[in-house]
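This report refers to the structure that appears directly beneath it.
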Amino acid sequence: MRRTFAGARRVALGFAFGLASALATGALAQGLSKPVTIAVLNDKSSVFSDAGGVGSAVAAQLAIDDLGGRVGGQPVKLLAPDHQNKTDLGATLARELYDVQGVDAIFDIGNSAISLAVQEIARERGKIVVHSGSATADLFGKACSPTGAMWLYDTYSLAQGIARSIVQQGGDSWFFITADYAFGHSMQAEVTKVVTSLGGKVVGAVRHPVGTMDFSSFLLQGQSSGAKVVALANASGDTVTSLKQAHEFRVGQDDQKLAVLIFYLTSVHALGAEATQGVQYLTGYYWDNDDVSRAFGRRFAEKHGGRMPTQAQAAVYSSVRHYLRAVEAAASTDGLTVMRRMKATPVDDFFAPGARIRDDGRLMNDMLLAEVKAPADVKQGWDLLTIKSKVKAADIMRPIADGGCTHLDGPSRE
């Protein structure tokens, strides 16, 4: 009797398993039940618009087009709202995108304070958010999310790559000119750790609001501080403005170095090679680095008024493409399901070939050490950089154990 019951139980379990497998196979065969809606949420009208802005939406659309405009039998819809670099507005837009407009994933953002707010909103709803232009390492640390991913640079890796190089060249005393928001604070803190760990010191710092037009007093404080290095812990339009004025006041010339902690090709183009000659910075992408990078750069330029893509815009293309391929493979838009698939699958594109997303959401992408060419070496308008070396992700990325992430979630074990 016991044998009969056990046998019946095995038959029942086998039938249930077979039915579940058949249902799952049927779901995969049927594809998705609704269109896939994504959004590129970033600054399209303020100081960060040149690094991401409309160009990030162009990059996202290229990724959609490269997959035929459809995944799982459903069309892909792209929205591109402007958060105007305002944290409250960015959070409000994210809620509306997820709750009202049915957005499945948000990309880019480009402002660390807004990214932190959106990450919390996305985590509460089980929705995906992928950060490209934002840099605070908290996004895969204490503020991490099982449905969030960091695709480009971060304050920790930038600090490791740039600050270590400068200190080793003798730049052991620093003065910071820091943007007064999450990115600037985090960038200064991470660089300070590297500088002091190598025996250097920070002699002073000053903070400025985003969108400042007059940096003269900040620059003169740095110049008179006696520091060997005046570091700009700001980004995009703020960096352009401060570099222009630094050139006028001869800050960073002679025996004093000017360190740019985050920089973009568009900023170099706006300032010109003469004003930025010799500036080194880490970048995740450069259009003239290799054949596949050039191919993407030219396609992008055709769609964006002849402008070559920034590293943030290239990262948006990569992240959107990887997301959409994961949606198709999983036959689902459920945030946790898709992110697990994204983590289980290596990236397959020009931006981060073979790179994987760690359990804390950090893409382990290599970076490039770039240097602005001398004016005489520039052959055409966007031929501005020389790639000095490739910096391996494993050498500059913060270990998971040191980040404080309490929402670790690995890839699907299916």
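Naming scheme: A, B, ... for chains in displayed order of the structure tokens; residues 1 onward per chain; ligands 1 onward as shown.
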**Request:** For Val191 in chain A, work out the shell of residues within 12 Å, counting only C-alpha atoms and skipping chain neighbours fewer than 4 positions away, then give it as a PyMOL selection string.
**Result:** chain A and resi 154-167+172-176+178+184-187+195-198+200-202+229+231-233+259-262
**Request:** Would you please give, as number ranges by chain, all residues of range 31-183 of chain A that DSSP assigns to helix (DSSP H, G or I) based on the backbone?
**Result:** A: 53-66, 87-99, 112-125, 137-140, 155-168, 182-183
**Request:** Would you mind telling me which residue in A:Val76, A:Met339, A:Ala113, A:Val391 lies nearest to Val129 in chain A when using only C-alpha atoms?
**Result:**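 Once distances to Val129 in chain A are computed over only C-alpha atoms, the minimum belongs to A:Met339.
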Selection near Tyr264 in chain A, 8 Å with only C-alpha atoms, sequence-local residues under 2 positions removed, as a PDB file with C-alpha atoms, in the first residue's frame:
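Contents of around-v3.pdb, as written:
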ATOM      1  CA  ALA A  51      26.905  64.573 -22.044  1.00  0.00           C
ATOM      2  CA  SER A 236      29.808  68.474 -17.936  1.00  0.00           C
ATOM      3  CA  ILE A 262      35.157  63.290 -14.879  1.00  0.00           C
ATOM      4  CA  THR A 266      31.692  66.987 -25.938  1.00  0.00           C
ATOM      5  CA  SER A 267      33.431  69.089 -23.287  1.00  0.00           C
ATOM      6  CA  VAL A 268      36.794  68.694 -25.022  1.00  0.00           C
ATOM      7  CA  THR A 283      36.416  57.124 -20.393  1.00  0.00           C
ATOM      8  CA  THR A 310      29.938  60.596 -25.481  1.00  0.00           C
ATOM      9  CA  GLN A 311      30.783  57.708 -23.208  1.00  0.00           C
TER      10      GLN A 311
END
**Item:** Proximity to Lys77 in chain A - best of A:Gly90, A:Gly52, A:Gly148, A:Pro35, only C-alpha atoms
**Value:** A:Pro35
Enumerate, in order of chain and increasing residue number, the residues of range 70-147 of chain A with an atom no farther than 12 Å from range 209-227 of chain A, each with its shortest atom pair and distance in Å to one decimal, counting only C-alpha atoms, as a Markdown table.
| residue | atom | partner | partner_atom | distance |
| --- | --- | --- | --- | --- |
| A:Gln84 | CA | A:Gly211 | CA | 11.6 |
| A:Asn85 | CA | A:Val210 | CA | 9.0 |
| A:Lys86 | CA | A:Val210 | CA | 10.4 |
| A:Asn111 | CA | A:Val210 | CA | 10.7 |
| A:Ala113 | CA | A:Val210 | CA | 11.9 |
**Request:** Write down as a VMD selection string the residues of range 99-323 of chain A whose backbone DSSP state falls under strand (DSSP E or B).
**Result:** chain A and resid 105 to 108 128 to 131 148 to 150 173 to 179 201 to 208 229 to 233 257 to 260 280 to 283
**Request:** Mind giving me the straight-line distance from CA of Ser332 in chain A to CA of Ala355 in chain A in Å, one decimal?
**Result:** 22.8 Å
